[in-house]
Amino acid sequence: MRVFLRLLKEKNMVHNQGNEEYSIETINLTKVFRKKKHRGIFGFLRKKEKSQSSNSKKDLTIALDHVNCKIGSGELFGLLGPNGAGKTTFVKCISTILIPDEGTAIVNGFDVRKQTSLVRASIGLAIGGERSLYWKLTARDNLAYFASLYKMPRSITKERVEELLGKMELLDRADERVEDYSTGMRQKIVIARALLHNPPVLLLDEPTLGLDPTFSRQIRSQIRELCNKEGKTILLATHYMKEADEMCDRIAIINNGKIVAVDSSDKLKAMVKETELVEVSCYNLPSDPEKYLKSLYPDIEIVTLIPGNEAEGTPSRIKLMGENAEKRASKVLEALLKKNAKITNVNIGTPTLEDVFIKLTGAKLTEGGAE
Amino acid sequence: MKKTTYLESSLNTNAFIVWSETLKNIKFLAAYPVIFVFWTIFPLFWFIPFVLQGQALVGNLGPSVLWKDLTGNTEVVPFIIIGAILNGYVLNALYGVGESIREEAYQGTLDYVLASPCNKAYVLIGKVLSGSISSTVYAIIQFTVCIFLFGVTITAWVIMPVILVIILLILGLYGIALMLAAVSLQLKQAHEVAHTLDYIFYVFAPVRYPLQFLPFWAQVIGQILPLTYALIATRGLMFNSESPSTIYLAIFLLLIIDVAAILIGFYLFNWMEKRTKKSGTISHY
């Protein structure tokens with residue numbers, strides 16, 4: 001590896017050209033997709049309606065809307081957003097897989113529009129999860145193949161592949177086909193692939209999606225280590241609140257293609273600190289609790305409503321937020337009791353990142369993600 | 001100061017890309033051994049019926065004066081065998097590359113290939129090369145079978161010139177494969193396009209019959225296909241049925257078609273890659 005780096009330095013290495021403070025900077029980054037309208041099997045015979053041929057707003061999906069964002073060198077930066085918020089489009093624009101319609105991004109000092117090869121060489125990509133490997137090839141073959149695409153010399157490839165397989169604790173199964181691996185093992189290979197050419201910037205899109213807690217923990221600690229020990233800049237796109245909260249130095253909350261807030265987890269939480277939170281667990285909820293409580297207290301916001309299952313002994317949970325929510329809690333409880341609800345627990349707590357997310361995006365949570 | 005691991009292209013790194021892509025595709029084939037069996041036997045089944053049909057019509061497949069008037073050679077069977085073998089290269093190039101691009105998009109690996117700093121043309125060369133290697137394996141098997149079944153013979157000195165013609169054919173097919181890869185990026189389902197092209201080659205190139213059998217307009221179409229000149233040159237060399245000037249001319253025209261196909265292919269692929277990256281359809285399948 002040292003030889004490889006020396007070779008690069010001597011012959012071809014391209015230094016960061018401009019701002020060393022930031023590894024990724026987006027300037028009015030915009031991406032718009034045209035909505036595809038399916039007009040049936042013989043739709044092509046029918047004349048296009050006026051609106052279908054025009055560029056009217058309703059025919060377009062604005063995936064990224066003039067996004068301005070700066071990610072510092074060596075920073076672990078979280079991009080948090082519900083499904084369809086624009087996370088993957090953001091990653092794809094930065095990685096040159098998509099061409100922005102407006103604005104640009106500077107990655108490691110290189111412009112994604114004009115210096116695509118240099119940007120590509122600067123980033124390690126982990127998107128698409130376990131499906132993005134050749135399942136009929138072994139882990140070793142997969143890594144060796146992708147190393148060639150990064151123009152790594154053959155002599156260095158072997159050494160680097162061994163090193164990464166060792167790091168991922170997969171050396172003993174390196175010659176088995178990827179199809180025989182577990183999801184977590186495949187995800188490790190996806191991350192190893194991103195590290196092959198030792199890039200300064202890593203773009204990780206949902207790296208722990210679908211993994212069991214053990215593998216998730218392993219992957220998370222490896223990501224943190226890459227940032228802390230190797231000084232890599234990491235963009236982590238995720239919809240797992242806990243993951244972003246625990247791992248990231250700063251978090252950007254993205255919704256409808258716009259970044260609505262960027263800051264450290266603590267500072268984001270401080271944004272809703274003034275508002276109190278009350279969590280009520282109960283059985284036998286009224287039929288439309290949100291409507292019912294809103295009719296009584298219009299200024300109280302119900303941020304989460306998770307229906308329970310009485311047969312299984314799981315109570316429903318209502319999370320209320322708003323000024324003086326604590327003081328109003330007794331009235332809310334009274335209102336619920338009036339409707340024969342059985343209160344099992346009342347908890348007054350401090351806001352979590354999840355609460356910030358909900359407040360800013362308006363999205364309510366289901367188990368594991370946002371809707 | 002940050003650094004990238006960007007390496008300038010060198011012959012060595014580009015050759016490594018082609019080699020890795022070729023090896024990868026051959027390993028895929030090896031993962032499904034039944035494909036080898038299918039593609040080896042299938043071309044035999046493809047031309048044997050025509051040989052037998054000819055036999056049923058004229059009673060035997062011995063030397064034919066009429067055939068000699070048309071092709072310059074009295075033997076019917078070797079004529080058809082050469083057509084079948086060279087057409088095998090066309091089949092592999094057309095279906096192999098189109099399907100491979102679609103598979104990559106379906107698997108989710110296409111994004112990684114496109115987001116890598118290498119020149120994608122070398123990846124496509126690897127795809128065509130792996131197809132050509134398997135075609136050569138099939139060709140050797142077919143020819144060996146034909147030596148035993150139909151008593152076909154080959155003169156040693158023509159082997160090298162024939163290999164050269166096949167290489168020129170592969171270059172032309174590479175250009176066509178680039179065009180097909182471009183179409184695959186946009187249309188996704190390239191199988192139908194490959195199928196159509198396959199039949200264009202099959203009907204308008206002199207695979208099973210001499211070009212003179214076709215009406216004039218069809219001959220014009222045949223004359224822009226690289227397979228036509230590859231067949232004229234190969235048969236001319238193997239059967240000594242054409243004058244050296246005809247063979248040289250066929251090779252020269254094949255070379256011109258190769259250059260044109262590669263240039264158009266490159267342009268089309270780059271244009272389509274940019275277009276699909278803009279529209280966002282690049283990763284769809």
# chains A, B, ... in the order shown; residues from 1 in each chain; ligands from 1
call {"tool": "select_by_dssp", "arguments": {"residues": "segment 14-234 of chain B", "states": "helix (DSSP H, G or I)", "output": "ChimeraX atom specification"}}
result
/B:14-31,33-58,65-71,77-107,110-114,120-150,156-187,191-204,211-213,216-222,226-234
call {"tool": "closest_atom_pairs", "arguments": {"of": "chain B", "to": "chain A", "cutoff": "10 Å", "atoms": "only C-alpha atoms", "output": "JSON lines"}}
result
{"residue": "B:Met1", "atom": "CA", "partner": "A:Asn16", "partner_atom": "CA", "distance": 6.4}
{"residue": "B:Lys2", "atom": "CA", "partner": "A:Asn16", "partner_atom": "CA", "distance": 5.4}
{"residue": "B:Lys3", "atom": "CA", "partner": "A:His15", "partner_atom": "CA", "distance": 4.8}
{"residue": "B:Thr4", "atom": "CA", "partner": "A:Ser122", "partner_atom": "CA", "distance": 4.8}
{"residue": "B:Thr5", "atom": "CA", "partner": "A:Ala121", "partner_atom": "CA", "distance": 5.8}
{"residue": "B:Tyr6", "atom": "CA", "partner": "A:Ala121", "partner_atom": "CA", "distance": 5.0}
{"residue": "B:Leu7", "atom": "CA", "partner": "A:Asn12", "partner_atom": "CA", "distance": 5.4}
{"residue": "B:Glu8", "atom": "CA", "partner": "A:Asn12", "partner_atom": "CA", "distance": 6.0}
{"residue": "B:Ser9", "atom": "CA", "partner": "A:Lys151", "partner_atom": "CA", "distance": 7.3}
{"residue": "B:Ser10", "atom": "CA", "partner": "A:Lys151", "partner_atom": "CA", "distance": 8.8}
{"residue": "B:Asn12", "atom": "CA", "partner": "A:Pro153", "partner_atom": "CA", "distance": 7.8}
{"residue": "B:Thr13", "atom": "CA", "partner": "A:Lys151", "partner_atom": "CA", "distance": 5.4}
{"residue": "B:Asn14", "atom": "CA", "partner": "A:Lys151", "partner_atom": "CA", "distance": 7.4}
{"residue": "B:Ala15", "atom": "CA", "partner": "A:Ser148", "partner_atom": "CA", "distance": 9.4}
{"residue": "B:Phe16", "atom": "CA", "partner": "A:Ser148", "partner_atom": "CA", "distance": 6.2}
{"residue": "B:Ile17", "atom": "CA", "partner": "A:Ser148", "partner_atom": "CA", "distance": 5.2}
{"residue": "B:Val18", "atom": "CA", "partner": "A:Ser148", "partner_atom": "CA", "distance": 8.8}
{"residue": "B:Trp19", "atom": "CA", "partner": "A:Ser148", "partner_atom": "CA", "distance": 9.0}
{"residue": "B:Ser20", "atom": "CA", "partner": "A:Tyr145", "partner_atom": "CA", "distance": 5.6}
{"residue": "B:Glu21", "atom": "CA", "partner": "A:Tyr145", "partner_atom": "CA", "distance": 7.2}
{"residue": "B:Leu23", "atom": "CA", "partner": "A:Tyr145", "partner_atom": "CA", "distance": 8.9}
{"residue": "B:Lys24", "atom": "CA", "partner": "A:Tyr145", "partner_atom": "CA", "distance": 7.4}
{"residue": "B:Asn25", "atom": "CA", "partner": "A:Leu137", "partner_atom": "CA", "distance": 9.9}
{"residue": "B:Lys27", "atom": "CA", "partner": "A:Leu137", "partner_atom": "CA", "distance": 7.3}
{"residue": "B:Phe28", "atom": "CA", "partner": "A:Lys136", "partner_atom": "CA", "distance": 6.4}
{"residue": "B:Leu29", "atom": "CA", "partner": "A:Lys136", "partner_atom": "CA", "distance": 9.7}
{"residue": "B:Ala30", "atom": "CA", "partner": "A:Lys136", "partner_atom": "CA", "distance": 9.6}
{"residue": "B:Ala31", "atom": "CA", "partner": "A:Lys136", "partner_atom": "CA", "distance": 6.7}
{"residue": "B:Tyr32", "atom": "CA", "partner": "A:Lys136", "partner_atom": "CA", "distance": 9.5}
{"residue": "B:Glu104", "atom": "CA", "partner": "A:Ser132", "partner_atom": "CA", "distance": 8.7}
{"residue": "B:Ala105", "atom": "CA", "partner": "A:Ser132", "partner_atom": "CA", "distance": 9.3}
{"residue": "B:Tyr106", "atom": "CA", "partner": "A:Arg131", "partner_atom": "CA", "distance": 8.9}
{"residue": "B:Gln107", "atom": "CA", "partner": "A:Arg131", "partner_atom": "CA", "distance": 5.8}
{"residue": "B:Gly108", "atom": "CA", "partner": "A:Ser132", "partner_atom": "CA", "distance": 4.4}
{"residue": "B:Thr109", "atom": "CA", "partner": "A:Ser132", "partner_atom": "CA", "distance": 4.8}
{"residue": "B:Leu110", "atom": "CA", "partner": "A:Ser132", "partner_atom": "CA", "distance": 8.3}
{"residue": "B:Asp111", "atom": "CA", "partner": "A:Ile97", "partner_atom": "CA", "distance": 6.6}
{"residue": "B:Tyr112", "atom": "CA", "partner": "A:Leu125", "partner_atom": "CA", "distance": 7.6}
{"residue": "B:Val113", "atom": "CA", "partner": "A:Leu149", "partner_atom": "CA", "distance": 7.2}
{"residue": "B:Leu114", "atom": "CA", "partner": "A:Ile97", "partner_atom": "CA", "distance": 6.7}
{"residue": "B:Ala115", "atom": "CA", "partner": "A:Ile97", "partner_atom": "CA", "distance": 5.8}
{"residue": "B:Ser116", "atom": "CA", "partner": "A:Arg120", "partner_atom": "CA", "distance": 5.7}
{"residue": "B:Pro117", "atom": "CA", "partner": "A:Ser117", "partner_atom": "CA", "distance": 4.8}
{"residue": "B:Cys118", "atom": "CA", "partner": "A:Leu149", "partner_atom": "CA", "distance": 5.4}
{"residue": "B:Asn119", "atom": "CA", "partner": "A:Leu149", "partner_atom": "CA", "distance": 8.4}
{"residue": "B:Lys120", "atom": "CA", "partner": "A:Leu149", "partner_atom": "CA", "distance": 8.9}
{"residue": "B:Tyr122", "atom": "CA", "partner": "A:Leu149", "partner_atom": "CA", "distance": 9.4}
{"residue": "B:Val123", "atom": "CA", "partner": "A:Leu149", "partner_atom": "CA", "distance": 8.3}
{"residue": "B:Glu273", "atom": "CA", "partner": "A:Ile97", "partner_atom": "CA", "distance": 9.8}
{"residue": "B:Lys274", "atom": "CA", "partner": "A:Ile99", "partner_atom": "CA", "distance": 7.8}
{"residue": "B:Arg275", "atom": "CA", "partner": "A:Ile99", "partner_atom": "CA", "distance": 9.0}
{"residue": "B:Thr276", "atom": "CA", "partner": "A:Leu98", "partner_atom": "CA", "distance": 8.2}
{"residue": "B:Lys277", "atom": "CA", "partner": "A:Leu98", "partner_atom": "CA", "distance": 4.6}
{"residue": "B:Lys278", "atom": "CA", "partner": "A:Ile99", "partner_atom": "CA", "distance": 5.0}
{"residue": "B:Ser279", "atom": "CA", "partner": "A:Phe33", "partner_atom": "CA", "distance": 6.5}
{"residue": "B:Gly280", "atom": "CA", "partner": "A:Leu98", "partner_atom": "CA", "distance": 6.2}
{"residue": "B:Thr281", "atom": "CA", "partner": "A:Leu98", "partner_atom": "CA", "distance": 9.1}
{"residue": "B:Ile282", "atom": "CA", "partner": "A:Leu98", "partner_atom": "CA", "distance": 7.9}
{"residue": "B:Ser283", "atom": "CA", "partner": "A:Ile97", "partner_atom": "CA", "distance": 8.5}
call {"tool": "atom_distance", "arguments": {"atom1": "atom CA of Ile189 of chain A", "atom2": "atom CA of Ala139 of chain A"}}
result
6.8 Å
call {"tool": "atom_distance", "arguments": {"atom1": "atom CA of Ile253 of chain A", "atom2": "atom CA of Leu80 of chain A"}}
result
4.9 Å
call {"tool": "residues_around", "arguments": {"residues": "segment 307-312 of chain A", "least_positions_apart": "2", "cutoff": "9 Å", "atoms": "only C-alpha atoms", "output": "ChimeraX atom specification"}}
result
/A:282-285,305,314-318
call {"tool": "residues_around", "arguments": {"residues": "segment 175-182 of chain B", "least_positions_apart": "6", "cutoff": "7 Å", "atoms": "only C-alpha atoms", "output": "PyMOL selection string"}}
result
chain B and resi 93-94+97-98+101+258+261-262+265-266+268-269+272
call {"tool": "write_last_selection", "arguments": {"atoms": "N, CA and C atoms", "output": "JSON list (two decimals), in the first residue's frame"}}
result
[["chain", "number", "residue", "atom", "x", "y", "z"],
["B", 93, "ALA", "N", -21.63, -11.19, -29.61],
["B", 93, "ALA", "CA", -21.38, -9.75, -29.39],
["B", 93, "ALA", "C", -22.69, -9.01, -29.15],
["B", 94, "LEU", "N", -23.71, -9.32, -29.94],
["B", 94, "LEU", "CA", -24.98, -8.60, -29.82],
["B", 94, "LEU", "C", -25.69, -8.91, -28.51],
["B", 97, "VAL", "N", -23.30, -8.20, -24.96],
["B", 97, "VAL", "CA", -23.11, -6.84, -24.44],
["B", 97, "VAL", "C", -24.44, -6.25, -23.96],
["B", 98, "GLY", "N", -25.48, -6.34, -24.77],
["B", 98, "GLY", "CA", -26.78, -5.77, -24.40],
["B", 98, "GLY", "C", -27.28, -6.37, -23.10],
["B", 101, "ILE", "N", -25.20, -5.30, -19.97],
["B", 101, "ILE", "CA", -25.50, -3.95, -19.46],
["B", 101, "ILE", "C", -26.80, -4.00, -18.66],
["B", 258, "ASP", "N", -15.24, -1.04, -39.77],
["B", 258, "ASP", "CA", -14.80, -1.12, -38.37],
["B", 258, "ASP", "C", -14.59, 0.28, -37.80],
["B", 261, "ALA", "N", -17.89, 2.13, -37.49],
["B", 261, "ALA", "CA", -18.75, 1.58, -36.43],
["B", 261, "ALA", "C", -18.22, 1.97, -35.05],
["B", 262, "ILE", "N", -16.90, 1.92, -34.89],
["B", 262, "ILE", "CA", -16.31, 2.26, -33.58],
["B", 262, "ILE", "C", -16.51, 3.74, -33.27],
["B", 265, "GLY", "N", -20.13, 4.29, -32.58],
["B", 265, "GLY", "CA", -20.42, 3.63, -31.30],
["B", 265, "GLY", "C", -19.97, 4.46, -30.10],
["B", 266, "PHE", "N", -18.74, 4.96, -30.18],
["B", 266, "PHE", "CA", -18.20, 5.78, -29.10],
["B", 266, "PHE", "C", -19.04, 7.04, -28.88],
["B", 268, "LEU", "N", -22.12, 7.64, -29.79],
["B", 268, "LEU", "CA", -23.48, 7.32, -29.33],
["B", 268, "LEU", "C", -23.48, 6.93, -27.84],
["B", 269, "PHE", "N", -22.49, 6.14, -27.43],
["B", 269, "PHE", "CA", -22.44, 5.69, -26.05],
["B", 269, "PHE", "C", -22.23, 6.88, -25.10],
["B", 272, "MET", "N", -25.35, 9.02, -25.01],
["B", 272, "MET", "CA", -26.46, 8.39, -24.28],
["B", 272, "MET", "C", -26.17, 8.33, -22.78]]
call {"tool": "atom_distance", "arguments": {"atom1": "atom CA of Ala192 of chain A", "atom2": "atom CA of Asp263 of chain A"}}
result
29.0 Å
call {"tool": "closest_residue", "arguments": {"among": "B:Ile82, B:Ile264, B:Leu124, B:Leu44", "to": "Val152 of chain B", "atoms": "only C-alpha atoms"}}
result
B:Ile82
